[in-house]
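Q: Shown below is the structure under consideration.
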Amino acid sequence: MYSAMPLLLGRADNLSSGESHCCTVGDPVRTLSFMDDADLRELFRLMVVTRRLDEEAVALQRQGVLPAYAPVRGQEAAQIGSAAALDRARDFAFPTYRELGAAVALGVDPVAYMAMHLNIWHGGLYDPNVARLAPPNAVVGGPVLHAVGWAMGAKLDDTGGAALTYFGDGASSQGDVHEAMNFAGVYRLPVVFFCQNNGWAISLPTGSQVAGGSVAARAAGYGIEGVRVDGNDVTAVFEATRAALEHGRAGGGPTVIEAMTYRLGPHSTSDDPSRYRSAEEERLRAEQDPITRAMRSLSAEEIADVEEHAADVVRKTTAGLHAMQPPPADELFSFVYREPTAALLDQHRAWKESQDA
Amino acid sequence: MYSAMPLLLGRADNLSSGESHCCTVGDPVRTLSFMDDADLRELFRLMVVTRRLDEEAVALQRQGVLPAYAPVRGQEAAQIGSAAALDRARDFAFPTYRELGAAVALGVDPVAYMAMHLNIWHGGLYDPNVARLAPPNAVVGGPVLHAVGWAMGAKLDDTGGAALTYFGDGASSQGDVHEAMNFAGVYRLPVVFFCQNNGWAISLPTGSQVAGGSVAARAAGYGIEGVRVDGNDVTAVFEATRAALEHGRAGGGPTVIEAMTYRLGPHSTSDDPSRYRSAEEERLRAEQDPITRAMRSLSAEEIADVEEHAADVVRKTTAGLHAMQPPPADELFSFVYREPTAALLDQHRAWKESQDA
Amino acid sequence: MPELSLQQALNTALRHACEDDDRVLIFGEDVGTLGGVFRVTDGLQDKFGEQRVFDTPLAESAIMGMSVGLAMAGWRPVPEIQFDGFSYPAIDQIVNQVARMHYRSRGTLGMPITLRLPSFGGIRAPEHHGESLESLFAHVPGLKVVSPSSPSEGYHLLRQAIADPDPVIFMEPKSRYWQRENFDPAAPVEALPVGRSRVVRRGRHATLVAWGAMVSRCEQVAQLAAEDGVELEVLDLRWLKPIDAEGLAESVARTRRAVVVHEAPLTAGLGGEVSALITERCFGEMRAPVQRVAGFDVPYPSGSLEDEYLPSIDRVLTAVQTALEYRRG
Amino acid sequence: MPELSLQQALNTALRHACEDDDRVLIFGEDVGTLGGVFRVTDGLQDKFGEQRVFDTPLAESAIMGMSVGLAMAGWRPVPEIQFDGFSYPAIDQIVNQVARMHYRSRGTLGMPITLRLPSFGGIRAPEHHGESLESLFAHVPGLKVVSPSSPSEGYHLLRQAIADPDPVIFMEPKSRYWQRENFDPAAPVEALPVGRSRVVRRGRHATLVAWGAMVSRCEQVAQLAAEDGVELEVLDLRWLKPIDAEGLAESVARTRRAVVVHEAPLTAGLGGEVSALITERCFGEMRAPVQRVAGFDVPYPSGSLEDEYLPSIDRVLTAVQTALEYRRG
Ligand SMILES: Cc1ncc(C[n+]2csc(CCOP(=O)(O)OP(=O)(O)O)c2C)c(N)n1
Ligand SMILES: Cc1ncc(C[n+]2csc(CCOP(=O)(O)OP(=O)(O)O)c2C)c(N)n1
Ligand SMILES: [Mg+2]
Ligand SMILES: [Mg+2]
């Protein structure tokens with residue numbers, strides 16, 4: 001487990017990669033070309049792992065271990081279903097700050113992922129190139145353009161790779177998202193614009209955010225595909241994403257997928273949703289909880305098995321987080337440039353002297 | 001005429017306003033609620049004035065009088081037709097750098113307008129509040145958001161006023177334009193997004209600019225009205241704009257109008273279109289020249305009359321431009337703040353001393 | 001006399017501004033129902049209605065571009081951008097439009113816009129939530145920039161910013177939102193001109209120049225230094241544009257040494273400007289070059305490295321010592 | 001030896017960069033068929049094809065955001081933003097993404113991006129076409145910033161910028177595009193490290209510090225001063241991040257006086273940083289405070305006022321005189 005490593009020093013190639021620790025989490029989902037029962041159960045399993053990790057993260061925040069956390073509760077099907085459709089040999093995904101489920105599906109070590117919430121490192125500690133998952137991005141709308149550039153790069157290299165970018169209903173208001181859809185449309189790039197419409201952007205409901213009411217409906221204006229799916233139905237999400245990725249690979253250009261789901265928790269652990277939405281709304285939406293739905297199709301035995309596995313992952317993750325040391329203070333000066341500039345070396349030196357003094 | 005004024009000193013309220021000099025240009029178009037033959041002839045007249053002024057500006061640039069100029073040739077119907085639909089008692093228009101025709105229709109003194117191209121003042125010398133025309137804006141996409149804010153202000157004051165914002169096919173790619181449409185849609189504001197699709201953004205043809213091929217088609221994604229009109233047909237443009245303004249006033253929200261036209265000239269006087277488009281294309285598009293089209297419905301006598309009027313406006317404008325003095329150098333320090341800061345006064349003083357030394 | 005936190009003082013200032021001038025509009029992401037992520041606009045929508053206090057969709061460029069249009073229509077916009085680092089998407093509207101429309105229009109279109117911007121670091125927040133943009137803003141002709149260092153300062157400076165006819169960037173030191181002070185916002189105060197600094201503590205051995213959250217840090221330093229018999233003057237710059245060059249010169253001409261402290265990265269930070277202004281005016285009197293203590297030239301780090309990044313009491317003390325011990329070579 | 005204009009030298013550098021490294025991509029508004037509004041990319045699309053040299057739709061944020069993704073996919077993007085003033089819409093991507101992705105990813109995602117930015121004023125262009133953004137960029141950790149002052153400098157610095165593994169903002173002084181110089185781009189040159197300044201003219205009475213188009217203005221000043229027996233050193237800073245603090249100190253330690261000249265507005269301009277760096281290092285040796293000659297704190301004006309705005313020979317000479325005549329009070 002990552003946290004067993006003595007120090008966080010050095011470049012990320014010394015650090016935890018999803019590859020080497022994923023076994024503790026549950027195998028990263030293999031690339032599925034169609035979905036059979038076994039696959040579906042694997043997705044359920046990952047969803048439950050995500051839910052339990054999410055609950056644990058909230059608990060750890062309350063205990064003061066994590067300074068803050070952005071719960072993913074309610075969006076597990078949307079994230080697992082979409083990430084599971086990626087071909088990890090050639091695709092790449094671009095998350096926001098709320099994509100624990102995608103990380104889990106891509107086999108990222110939860111400890112390396114959570115390091116971000118532990119205030120260890122903004123981008124987490126996983127290697128994005130191995131995980132095929134960019135570092136979490138806190139600028140709403142910002143990473144969407146990266147997916148477009150990445151897809152162009154993949155197309156120029158003719159790798160058959162496609163990009164999938166996560167964004168929220170709130171993010172759909174950002175100019176960058178429009179520019180991204182337009183660029184991807186003009187160049188017909190293999191990009192899946194995966195919008196998790198979870199009903200809220202902090203306190204603003206989608207109805208006051210998205211003129212016209214639908215992010216998927218924007219696609220037609222760019223001459224590209226747009227689909228809405230039930231974001232709480234992991235199979236539907238998976239199928240829509242798989243189709244969109246194939247469409248992109250085949251030269252059909254980008255697709256906007258709007259996965260209709262719900263943020264069951266607060267925006268973050270410092271948010272208080274009772275200020276802007278009713279308990280009644282929350283209760284009603286909880287009835288469509290994707291985990292409850294998934295559980296329904298599992299036997300008691302299967303559930304027990306899944307929960308046991310999830311509990312194991314949670315235990316290890318918690319232990320890992322407890323064991324994790326803050327980065328050595330010297331890292332303050334690392335990674336700014338490929339090689340530090342003279343000015344930075346000077347500042348580092350002065351800082352070190354003041355430490356020793 | 002403005003240029004007869006001794007100096008460009010002082011605040012703009014001392015300066016030329018469209019109001020006081022418009023008689024030399026042709027009356028500003030009165031607000032038309034429907035269009036009869038006389039009205040149509042008035043629009044033709046303004047179109048011809050615009051064309052002749054435009055030609056003169058190009059000539060003046062060649063003679064070295066104007067440092068540079070952005071020709072409007074070919075877009076006269078789109079601009080006159082749309083601006084003529086505005087109610088100058090309550091509406092407001094937001095131009096780019098290529099809206100001579102709109103300025104003419106709103107009765108702006110051409111000399112005050114051209115002062116921008118004469119490098120006198122970036123925003124020209126007309127009073128925007130009188131002209132109901134914001135200062136020309138050189139940031140592609142930038143002013144579109146101002147129209148949204150202005151429309152919200154008008155709505156809060158319940159004036160019945162609507163905003164009309166000009167932008168190009170190129171500008172439609174900017175994030176600001178998307179954000180503007182979304183905000184206007186969410187708040188259901190009386191804004192007309194008037195896109196002059198003139199086929200080109202400098203060297204990029206619309207086909208490589210606008211994914212999906214139509215700016216009007218973007219409207220549906222925001223749940224708002226979108227129409228395409230023949231931008232070379234002044235009546236069609238007028239009617240579409242009038243309808244959109246009324247729709248906005250009635251609380252129906254914004255409308256996107258895409259006026260299909262063509263930039264018959266170069267992007268600017270320093271541009272060389274032969275590098276990116278064929279003479280054949282230009283010749284074909286010249287056949288749809290809105291001025292030729294307008295002329296067809298006028299008698300020889302009417303044409304002679306219109307041309308005489310236009311020639312008169314051109315003569316006066318040219319004389320005005322020739323007579324115009326550069327602003328006093330002191331103006332370098334003016335208008336930065338409502339009242340200059342101490343630092344600015346210091347800099348002004350030091351500069352003056354260096355002048356006197 | 002009520003005890004108010006900075007957050008409450010700002011909330012009160014907004015309330016009073018809305019009461020005094022019905023052209024004041026407050027808007028931004030989550031400022032309505034929620035009352036802002038820091039609750040600075042708490043209760044204002046209830047009091048003034050959804051027309052005067054409203055939520056916007058999530059787009060900072062639109063928030064500022066809309067402000068320009070509202071100002072053109074005669075309103076007095078007080079937009080909020082939720083966090084410092086998210087003003088970057090709005091920089092074009094701020095620099096090319098907000099700051100220039102008055103100039104471009106030769107004074108015919110006023111831009112009385114106050115952008116409220118929770119700023120600076122110190123609260124162990126996620127990426128982009130701890131930035132200091134003052135040197136960017138201070139460089140832009142047409143903008144004014146101010147940052148309060150205490151609840152009473154917050155109240156009065158925000159009222160002054162909103163009343164000002166020009167665009168003001170109001171940088172709220174978020175790590176000080178919960179700092180408390182006894183003062184009566186209703187009590188009349190002498191109106192200071194825009195751009196005036198404030199001597200927070202008198203001293204004679206060196207001047208510490210700071211703004212925002214670093215003011216109280218400098219006060220701590222002065223306290224400690226006093227125990228060693230070193231009397232430090234603490235100058236709260238307050239206005240970062242226009243900068244009070246006279247106030248700086250007056251202080252340093254007396255103390256003959258200066259240390260400027262800020263959170264932003266050193267290079268091209270406002271400390272360079274302050275250093276140059278002081279040196280230009282006091283070169284003859286100065287006993288040591290102006291010392292700068294600033295954030296390092298690195299991205300604002302994650303929480304676990306934050307204390308190392310921010311100017312610490314030790315680093316400021318070291319700089320003071322360097323200034324005091326300086327001997328011309 | 002061929003005579004090349006700056007514009008031709010840059011064009012040649014791009015051509016050679018594309019030839020030497022097939023991961024180099026060139027894109028931006030009108031850079032393809034048209035060859036750029038300044039013809040800096042002229043002929044490159046014909047030579048390298050539409051995959052390597054291509055036009056983008058009109059959106060600067062997208063141009064930079066796309067660059068980030070291309071770099072993540074292993075390409076070496078060389079985007080152009082058409083004019084200085086239109087980089088504001090891309091500032092968020094530049095500051096929050098381009099400059100930080102390497103840091104955020106702990107060095108796993110390199111960002112070898114060179115943004116070519118026609119910069120500065122002096123050509124009587126429309127609004128937003130004469131801006132100097134160096135102090136904004138130089139403040140951002142993770143960016144490097146450079147501006148050439150001559151055709152040969154342009155060639156070599158652009159090659160160096162493109163070869164650099166980090167993001168570089170390459171500010172082309174557009175008023176110098178047509179300046180010519182005899183030099184052979186193919187001739188091997190000693191590779192200088194990033195951040196090294198260049199003494200353009202030796203002198204002993206004061207150092208003029210400049211970059212971009214102001215370098216030749218300072219050379220003119222030095223020429224004139226020489227006629228009066230005043231020997232001015234002219235230092236071309238070249239790299240505006242990282243800044244050559246050693247080079248500055250070495251020069252001013254000899255001349256004991258310095259004048260820094262730039263086009264950007266004075267307040268919070270890079271002149272403050274240069275002034276502070278020099279003063280911190282040379283206080284003891286200096287005979288006068290560093291003088292700053294800069295644009296005024298006003299928006300870049302329309303053409304008819306441009307000559308008054310830009311640092312003139314007279315204004316620089318006056319500052320030199322002030323420095324020479326300075327007596328400690
Ligand atoms: C550019 C930007 N503006 C503001 C914020 C502050 N902020 C963080 S999350 C959020 C709401 C995002 O809503 P949405 O896109 O729907 O995603 P969700 O939180 O629902 O997953 C806001 C306003 C930000 N991170 N980035
Ligand atoms: C934000 C911004 N980027 C780039 C430019 C440079 N530029 C000026 S006009 C233009 C093309 C605009 O095309 P379009 O919107 O179609 O308007 P048109 O020129 O055809 O009227 C460009 C790229 C600019 N003015 N503003
Ligand atoms: Mg959401
Ligand atoms: Mg066009």
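Chain labels run A, B, ... following the order of the structure tokens; each chain numbers its residues from 1, and ligands are numbered from 1 in the order shown.
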Could you please tell me, as an MDAnalysis selection string, which residues of chain B have an atom within 8 Å of chain D when using only C-alpha atoms?

A: chainID B and resid 67 119:122 138:139 170:171 173:175 201:204 208:210 271 275:276 326:327 329 332:333 336 344 347 354

Q: What does the file look like for those residues with N, CA, C and O atoms, as a CSV table (one decimal), in the first residue's frame?

A:
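File produced: result.csv:
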```
chain,number,residue,atom,x,y,z
B,67,PRO,N,-5.1,56.0,-40.7
B,67,PRO,CA,-4.0,55.0,-40.5
B,67,PRO,C,-4.5,53.6,-40.9
B,67,PRO,O,-3.7,52.8,-41.4
B,119,ASN,N,-7.4,57.5,-35.3
B,119,ASN,CA,-6.5,57.3,-34.2
B,119,ASN,C,-6.6,58.5,-33.2
B,119,ASN,O,-5.6,58.8,-32.5
B,120,ILE,N,-7.8,59.1,-33.1
B,120,ILE,CA,-8.0,60.2,-32.2
B,120,ILE,C,-8.4,59.6,-30.8
B,120,ILE,O,-7.8,60.0,-29.8
B,121,TRP,N,-9.3,58.7,-30.8
B,121,TRP,CA,-9.8,58.2,-29.6
B,121,TRP,C,-10.3,56.8,-29.9
B,121,TRP,O,-11.1,56.6,-30.8
B,122,HIS,N,-9.9,55.8,-29.0
B,122,HIS,CA,-10.4,54.4,-29.3
B,122,HIS,C,-11.9,54.3,-29.5
B,122,HIS,O,-12.4,53.5,-30.3
B,138,ALA,N,-13.3,46.5,-29.6
B,138,ALA,CA,-12.4,45.7,-30.4
B,138,ALA,C,-12.1,44.3,-29.9
B,138,ALA,O,-11.4,43.5,-30.5
B,139,VAL,N,-12.7,44.0,-28.7
B,139,VAL,CA,-12.5,42.6,-28.2
B,139,VAL,C,-13.6,41.7,-28.8
B,139,VAL,O,-14.8,41.9,-28.4
B,170,GLY,N,-17.0,34.8,-36.4
B,170,GLY,CA,-15.8,34.4,-35.6
B,170,GLY,C,-16.1,34.6,-34.1
B,170,GLY,O,-15.7,33.7,-33.3
B,171,ALA,N,-16.7,35.6,-33.7
B,171,ALA,CA,-17.0,35.9,-32.3
B,171,ALA,C,-17.9,34.8,-31.7
B,171,ALA,O,-17.8,34.6,-30.5
B,173,SER,N,-17.4,31.9,-31.6
B,173,SER,CA,-16.6,30.9,-30.9
B,173,SER,C,-16.1,31.2,-29.5
B,173,SER,O,-15.6,30.4,-28.8
B,174,GLN,N,-16.3,32.5,-29.2
B,174,GLN,CA,-15.8,33.0,-27.9
B,174,GLN,C,-16.7,32.5,-26.7
B,174,GLN,O,-17.9,32.6,-26.8
B,175,GLY,N,-16.0,32.1,-25.6
B,175,GLY,CA,-16.8,31.7,-24.5
B,175,GLY,C,-17.8,32.8,-24.0
B,175,GLY,O,-18.9,32.4,-23.5
B,201,ALA,N,-13.8,35.2,-40.8
B,201,ALA,CA,-13.2,35.8,-39.6
B,201,ALA,C,-11.7,36.0,-40.0
B,201,ALA,O,-11.0,35.0,-40.0
B,202,ILE,N,-11.4,37.2,-40.5
B,202,ILE,CA,-10.1,37.4,-41.2
B,202,ILE,C,-10.0,36.3,-42.2
B,202,ILE,O,-10.8,36.3,-43.2
B,203,SER,N,-9.1,35.3,-42.0
B,203,SER,CA,-8.9,34.3,-43.1
B,203,SER,C,-9.6,33.0,-42.9
B,203,SER,O,-9.5,32.1,-43.7
B,204,LEU,N,-10.4,32.9,-41.8
B,204,LEU,CA,-11.0,31.6,-41.5
B,204,LEU,C,-12.5,31.6,-42.0
B,204,LEU,O,-13.3,32.4,-41.5
B,208,SER,N,-15.1,26.5,-41.1
B,208,SER,CA,-14.1,26.0,-40.1
B,208,SER,C,-14.1,26.7,-38.8
B,208,SER,O,-13.3,26.4,-37.9
B,209,GLN,N,-15.1,27.5,-38.6
B,209,GLN,CA,-15.2,28.3,-37.4
B,209,GLN,C,-16.4,27.8,-36.5
B,209,GLN,O,-16.2,27.7,-35.3
B,210,VAL,N,-17.5,27.6,-37.2
B,210,VAL,CA,-18.8,27.4,-36.5
B,210,VAL,C,-19.1,25.9,-36.6
B,210,VAL,O,-19.7,25.5,-37.6
B,271,ASP,N,-5.2,44.0,-44.7
B,271,ASP,CA,-5.4,42.5,-45.0
B,271,ASP,C,-5.3,42.3,-46.5
B,271,ASP,O,-5.6,43.2,-47.3
B,275,ARG,N,-4.8,35.9,-50.3
B,275,ARG,CA,-4.1,34.8,-49.7
B,275,ARG,C,-5.0,33.7,-49.3
B,275,ARG,O,-4.5,32.6,-49.0
B,276,TYR,N,-6.3,34.0,-49.1
B,276,TYR,CA,-7.1,32.9,-48.5
B,276,TYR,C,-8.4,32.7,-49.2
B,276,TYR,O,-9.2,31.8,-48.9
B,326,PRO,N,-5.4,66.4,-33.8
B,326,PRO,CA,-5.2,65.3,-32.7
B,326,PRO,C,-5.6,65.9,-31.4
B,326,PRO,O,-5.5,67.2,-31.2
B,327,PRO,N,-5.9,65.1,-30.5
B,327,PRO,CA,-6.3,65.6,-29.1
B,327,PRO,C,-5.1,66.3,-28.5
B,327,PRO,O,-4.0,65.9,-28.8
B,329,ALA,N,-2.2,66.8,-26.1
B,329,ALA,CA,-1.5,65.7,-25.4
B,329,ALA,C,-1.9,65.5,-24.0
B,329,ALA,O,-1.8,64.4,-23.5
B,332,LEU,N,-3.9,62.5,-22.6
B,332,LEU,CA,-3.3,61.3,-22.2
B,332,LEU,C,-3.7,60.9,-20.8
B,332,LEU,O,-3.8,59.7,-20.5
B,333,PHE,N,-3.9,61.9,-20.0
B,333,PHE,CA,-4.1,61.6,-18.5
B,333,PHE,C,-5.6,61.8,-18.2
B,333,PHE,O,-5.9,61.7,-17.0
B,336,VAL,N,-9.2,58.4,-17.1
B,336,VAL,CA,-8.9,57.1,-16.5
B,336,VAL,C,-9.8,56.8,-15.3
B,336,VAL,O,-10.2,55.7,-15.2
B,344,LEU,N,-1.6,59.8,-10.6
B,344,LEU,CA,-1.8,60.2,-12.0
B,344,LEU,C,-1.5,61.7,-12.1
B,344,LEU,O,-0.9,62.2,-13.1
B,347,GLN,N,2.2,62.1,-12.2
B,347,GLN,CA,2.7,61.7,-13.5
B,347,GLN,C,2.4,62.8,-14.6
B,347,GLN,O,3.3,63.1,-15.4
B,354,SER,N,8.5,68.0,-18.2
B,354,SER,CA,9.4,67.6,-19.2
B,354,SER,C,9.1,68.2,-20.6
B,354,SER,O,9.9,68.4,-21.4
```

Q: Run DSSP on the backbone and grab whatever in range 191-317 of chain B lands in alpha helix (DSSP H); send it over as a PyMOL selection string.

A: chain B and resi 206-209+234-249+279-286+290-296+300-317

Q: Would you kindly return, as JSON, numbers by chain, each protein, DNA or RNA residue with an atom no farther than 10 Å from any atom of range 232-247 of chain A, considering only C-alpha atoms and excluding same-chain residues fewer than 3 positions away?

A: {"A": [31, 32, 33, 34, 35, 39, 40, 43, 44, 47, 74, 75, 76, 77, 78, 79, 80, 81, 82, 83, 84, 85, 86, 87, 91, 160, 161, 162, 163, 164, 190, 191, 192, 193, 194, 225, 226, 227, 228, 229, 250, 251, 252, 253, 254, 255, 256, 257, 258, 259, 260, 261, 262, 288, 289, 290, 291, 293, 294]}

Q: Name the residues in contact with Arg338 in chain B at a cut-off of 8 Å, using only C-alpha atoms, excluding same-chain residues fewer than 3 positions from it; report them as an MDAnalysis selection string.

A: (chainID B and resid 335) or (chainID C and resid 102 107 110 165:166)

Q: Once you count only C-alpha atoms and all ligand atoms, which residues end up within 7 Å of ligand 3, and could you hand them over as an NGL selection string?

A: :A and (168-170 or 196-201)

Q: Store the residues of this selection in a file with N, CA and C atoms, as an mmCIF file, in the first residue's frame.

A:
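Output contents, as saved in result36.cif:
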```
data_model
loop_
_atom_site.group_PDB
_atom_site.id
_atom_site.type_symbol
_atom_site.label_atom_id
_atom_site.label_comp_id
_atom_site.auth_asym_id
_atom_site.auth_seq_id
_atom_site.Cartn_x
_atom_site.Cartn_y
_atom_site.Cartn_z
ATOM 1 N N GLY A 168 -19.769 19.326 -14.575
ATOM 2 C CA GLY A 168 -21.071 19.377 -13.926
ATOM 3 C C GLY A 168 -22.060 20.244 -14.667
ATOM 4 N N ASP A 169 -23.287 20.215 -14.192
ATOM 5 C CA ASP A 169 -24.303 21.113 -14.750
ATOM 6 C C ASP A 169 -23.875 22.565 -14.561
ATOM 7 N N GLY A 170 -23.256 22.860 -13.427
ATOM 8 C CA GLY A 170 -22.766 24.226 -13.219
ATOM 9 C C GLY A 170 -21.690 24.583 -14.230
ATOM 10 N N GLN A 196 -22.222 15.297 -15.598
ATOM 11 C CA GLN A 196 -23.045 14.766 -14.510
ATOM 12 C C GLN A 196 -23.983 15.873 -14.053
ATOM 13 N N ASN A 197 -25.185 15.801 -14.543
ATOM 14 C CA ASN A 197 -26.183 16.771 -14.096
ATOM 15 C C ASN A 197 -26.751 16.251 -12.784
ATOM 16 N N ASN A 198 -26.179 16.727 -11.695
ATOM 17 C CA ASN A 198 -26.590 16.240 -10.374
ATOM 18 C C ASN A 198 -27.559 17.202 -9.685
ATOM 19 N N GLY A 199 -28.173 18.042 -10.509
ATOM 20 C CA GLY A 199 -29.258 18.873 -9.980
ATOM 21 C C GLY A 199 -28.824 20.176 -9.337
ATOM 22 N N TRP A 200 -27.580 20.250 -8.902
ATOM 23 C CA TRP A 200 -27.136 21.408 -8.134
ATOM 24 C C TRP A 200 -25.709 21.795 -8.463
ATOM 25 N N ALA A 201 -25.456 23.080 -8.411
ATOM 26 C CA ALA A 201 -24.096 23.611 -8.400
ATOM 27 C C ALA A 201 -24.012 24.404 -7.097
#
```

Q: Counting only C-alpha atoms, which residues in chain D sit no more than 8 Å from chain C? For each one, give the nearest pair of atoms and the distance in Å, sorted by chain then residue number, as a tab-separated table.

A:
```
residue	atom	partner	partner_atom	distance
D:Gly85	CA	C:Asn96	CA	7.8
D:Phe86	CA	C:Asp92	CA	8.0
D:Tyr88	CA	C:Asp92	CA	4.5
D:Pro89	CA	C:Asp92	CA	5.0
D:Ala90	CA	C:Pro89	CA	7.6
D:Ile91	CA	C:Tyr88	CA	6.0
D:Asp92	CA	C:Tyr88	CA	4.5
D:Val95	CA	C:Tyr88	CA	7.7
D:Asn96	CA	C:His128	CA	7.6
D:Arg100	CA	C:Pro299	CA	7.1
D:Tyr103	CA	C:Pro299	CA	7.7
D:His128	CA	C:Asn96	CA	7.6
D:Ser135	CA	C:Ala268	CA	6.0
D:Leu136	CA	C:Leu136	CA	5.7
D:Ala138	CA	C:Ala268	CA	6.2
D:His139	CA	C:Ala268	CA	4.9
D:Val140	CA	C:Asp297	CA	7.7
D:Pro141	CA	C:Val298	CA	4.9
D:Gly142	CA	C:Val298	CA	7.1
D:Pro265	CA	C:His139	CA	6.8
D:Leu266	CA	C:His139	CA	7.7
D:Thr267	CA	C:His139	CA	5.5
D:Ala268	CA	C:His139	CA	4.9
D:Gly269	CA	C:His139	CA	6.3
D:Leu270	CA	C:Ala268	CA	6.1
D:Gly272	CA	C:Glu273	CA	4.5
D:Glu273	CA	C:Gly272	CA	4.5
D:Val274	CA	C:Gly272	CA	7.8
D:Ser275	CA	C:Ala276	CA	5.9
D:Ala276	CA	C:Gly272	CA	5.4
D:Thr279	CA	C:Pro289	CA	6.2
D:Glu280	CA	C:Pro289	CA	5.6
D:Phe283	CA	C:Pro289	CA	6.0
D:Gly284	CA	C:Arg328	CA	4.5
D:Glu285	CA	C:Gly329	CA	7.1
D:Ala288	CA	C:Phe283	CA	7.3
D:Pro289	CA	C:Glu280	CA	5.6
D:Val290	CA	C:Glu280	CA	7.1
D:Gln291	CA	C:Glu280	CA	7.3
D:Asp297	CA	C:Pro141	CA	5.3
D:Val298	CA	C:Pro141	CA	4.9
D:Pro299	CA	C:Pro141	CA	5.6
D:Arg327	CA	C:Gly284	CA	7.9
D:Arg328	CA	C:Gly284	CA	4.4
D:Gly329	CA	C:Gly284	CA	5.1
```

Q: Residues of chain A near chain B: apply a cut-off of 8 Å, count only C-alpha atoms, and supply the list as a list in words.

A: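 Every residue meeting the condition is included here: Ser173, Gln174, Gly175, Asp176, Val177, His178, Glu179, Asn182, Phe183, Gly185, Val186, Ser208, Gln209, Val210, Ala211, Gly212, Gly213, Ser214, Val215, Ala217, Arg218, Ala219, Ala220, Gly221, Tyr222, Gly223 and Ile224 of chain A.
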
Q: Between C:Gln223, C:Ser251, C:Gln97, C:Gln160, which has the minimum distance to ligand 2 (counting only C-alpha atoms and all ligand atoms)?

A: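 The answer is C:Gln97, which sits nearest to ligand 2.
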
Q: Could you tell me how far CA of Thr341 in chain B lies from CA of His156 in chain C, in Å and to one decimal?

A: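 Computing it gives 19.7 Å between the two atoms.
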
Q: Find, counting only C-alpha atoms and all ligand atoms, the residue in B:Ala38, B:Cys195, B:Met152, B:Leu133 that gets nearest to ligand 2.

A: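 The closest residue to ligand 2 is B:Cys195.
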
Q: What lies within 7 Å of Gly124 in chain B using only C-alpha atoms, ignoring chain neighbours under 2 positions off, as a ChimeraX atom specification?

A: /B:112-116,121-122,126,135

Q: Hey, what's within 6 Å of Pro79 in chain D if we count only C-alpha atoms and toss same-chain stuff fewer than 2 positions away? As number ranges by chain, please?

A: D: 26-28, 77, 115

Q: Write down as a PyMOL selection string the residues of range 81-174 of chain B whose backbone DSSP state falls under strand (DSSP E or B).

A: chain B and resi 92-94+133+163-168

Q: Looking at B:His267, B:Arg132, B:Arg51, B:Lys316, which one is nearest to ligand 4, with distances taken over only C-alpha atoms and all ligand atoms?

A: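 Between B:His267, B:Arg132, B:Arg51, B:Lys316, the residue approaching ligand 4 most closely is B:His267.
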